[in-house]
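Before any comments, here is the structure.
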Amino acid sequence: MKIQGEHHFSFPPSVVWEALMDPEVLSRTLPGCEQLTQVDDDTLEGRLQVAIGPVRGQFRGTLTMTDRDAPNGYAMCLDGRGPSGFMKGEGSVALEPDGSGTLLRYDLEAQVGGRIAGVGQRLLDSSSKVIAAQGLAGLECQLAARQLAAQGEVSGETSGETRSAPAVDLPAPPSQAALAVAVASGVARDLIPPGVRLALTIAVAFLLGLALGVWLGGGA
């Protein structure tokens with residue numbers, strides 16, 4: 001299975017790189033992440049809840065980063081296993097300046113086995129794209145929150161006041177419910193033709209309106 005894509009960040013490569021090297025930041029961006037710890041300089045170990053189609057379960061795995069070239073990119077090796085199957089993969093992450101921001105490109109060749117492989121190639125492809133997109137969007141939110149906190153600290157220093165920076169709550173990773181909705185929407189976009197998708201949307205809206213009307217009528 002090939003997993004590849006890109007994402008534009010509104011921050012320079014050095015800032016994005018620093019976040020990618022921080023387990024605490026990554027733990028707040030990975031969908032379904034329950035735990036992420038640093039084993040050594042190159043290896044992270046984590047526990048994630050994964051839901052793809054009818055297959056759900058907890059996965060434990062490692063992410064090893066090699067050939068690091070700050071802030072340009074690194075190679076990576078993934079190894080995850082759980083009751084629903086396994087995933088092993090090798091790939092790379094590349095960062096390059098893009099105006100005042102950064103363009104991140106990722107490319108991963110993965111092997112999937114067990115029950116999770118039985119959901120079908122197209123569903124796996126669509127799900128992986130949605131999960132990757134959510135994770136990168138979450139990283140953008142983390143960077144924005146950290147920048148806001150840093151600006152508060154600088155403001156306090158330049159004003160000559162000795163005060164604490166305003167508290168900034170770092171965003172949490174997407175909930176399992178939010179992730180499931182996003183995966184379902186992404187799969188629909190990839191697998192259902194636009195005309196059929198519109199018809200389904202109208203049908204669902206009609207059914208919801210009918211159900212609401214019946215409920216209101218019953219309560220009158």
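The chains in the structure tokens are called A, B, ... from first to last as shown; in each chain the residues are counted from 1, and the ligands are counted from 1 in the order shown.
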**Q.** Exercise: region 64-68 of chain A partners within 12 Å, only C-alpha atoms, chain neighbours under 3 positions left out, as JSON, numbers by chain
**A.** {"A": [17, 20, 21, 38, 39, 40, 41, 42, 43, 44, 45, 46, 61, 71, 72, 73, 74, 75, 76, 77, 78, 79, 80, 88, 89, 90, 91, 92, 93, 94, 95]}
Q: Would you mind listing what lies within 10 Å of Glu24 (chain A) as a PyMOL selection string, with only C-alpha atoms counted and same-chain residues fewer than 6 positions away left out?
A: chain A and resi 35-38
Q | For CA of Pro12 (chain A) and CA of Ala149 (chain A), the interatomic separation in Å (one decimal) | A |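 It comes out at 17.3 Å.
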Q) Just how far from CA of Gly32 (chain A) is CA of Arg81 (chain A), in Å to one decimal? A)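 Taking CA of Arg81 (chain A) as the start and CA of Gly32 (chain A) as the end point, the length is 14.7 Å.
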(Q) Neighbouring residues of Ala19 (chain A) were defined as those with any atom within 12 Å, considering only C-alpha atoms; residues of the same chain fewer than 3 positions away were excluded. Please report them as a PyMOL selection string. (A) chain A and resi 9+11-16+22-29+70-71+136+138-147
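Closest approach to Ser128 (chain A) among A:Glu18, A:His8, A:Pro31, A:Ser100: A:Pro31, based on only C-alpha atoms.
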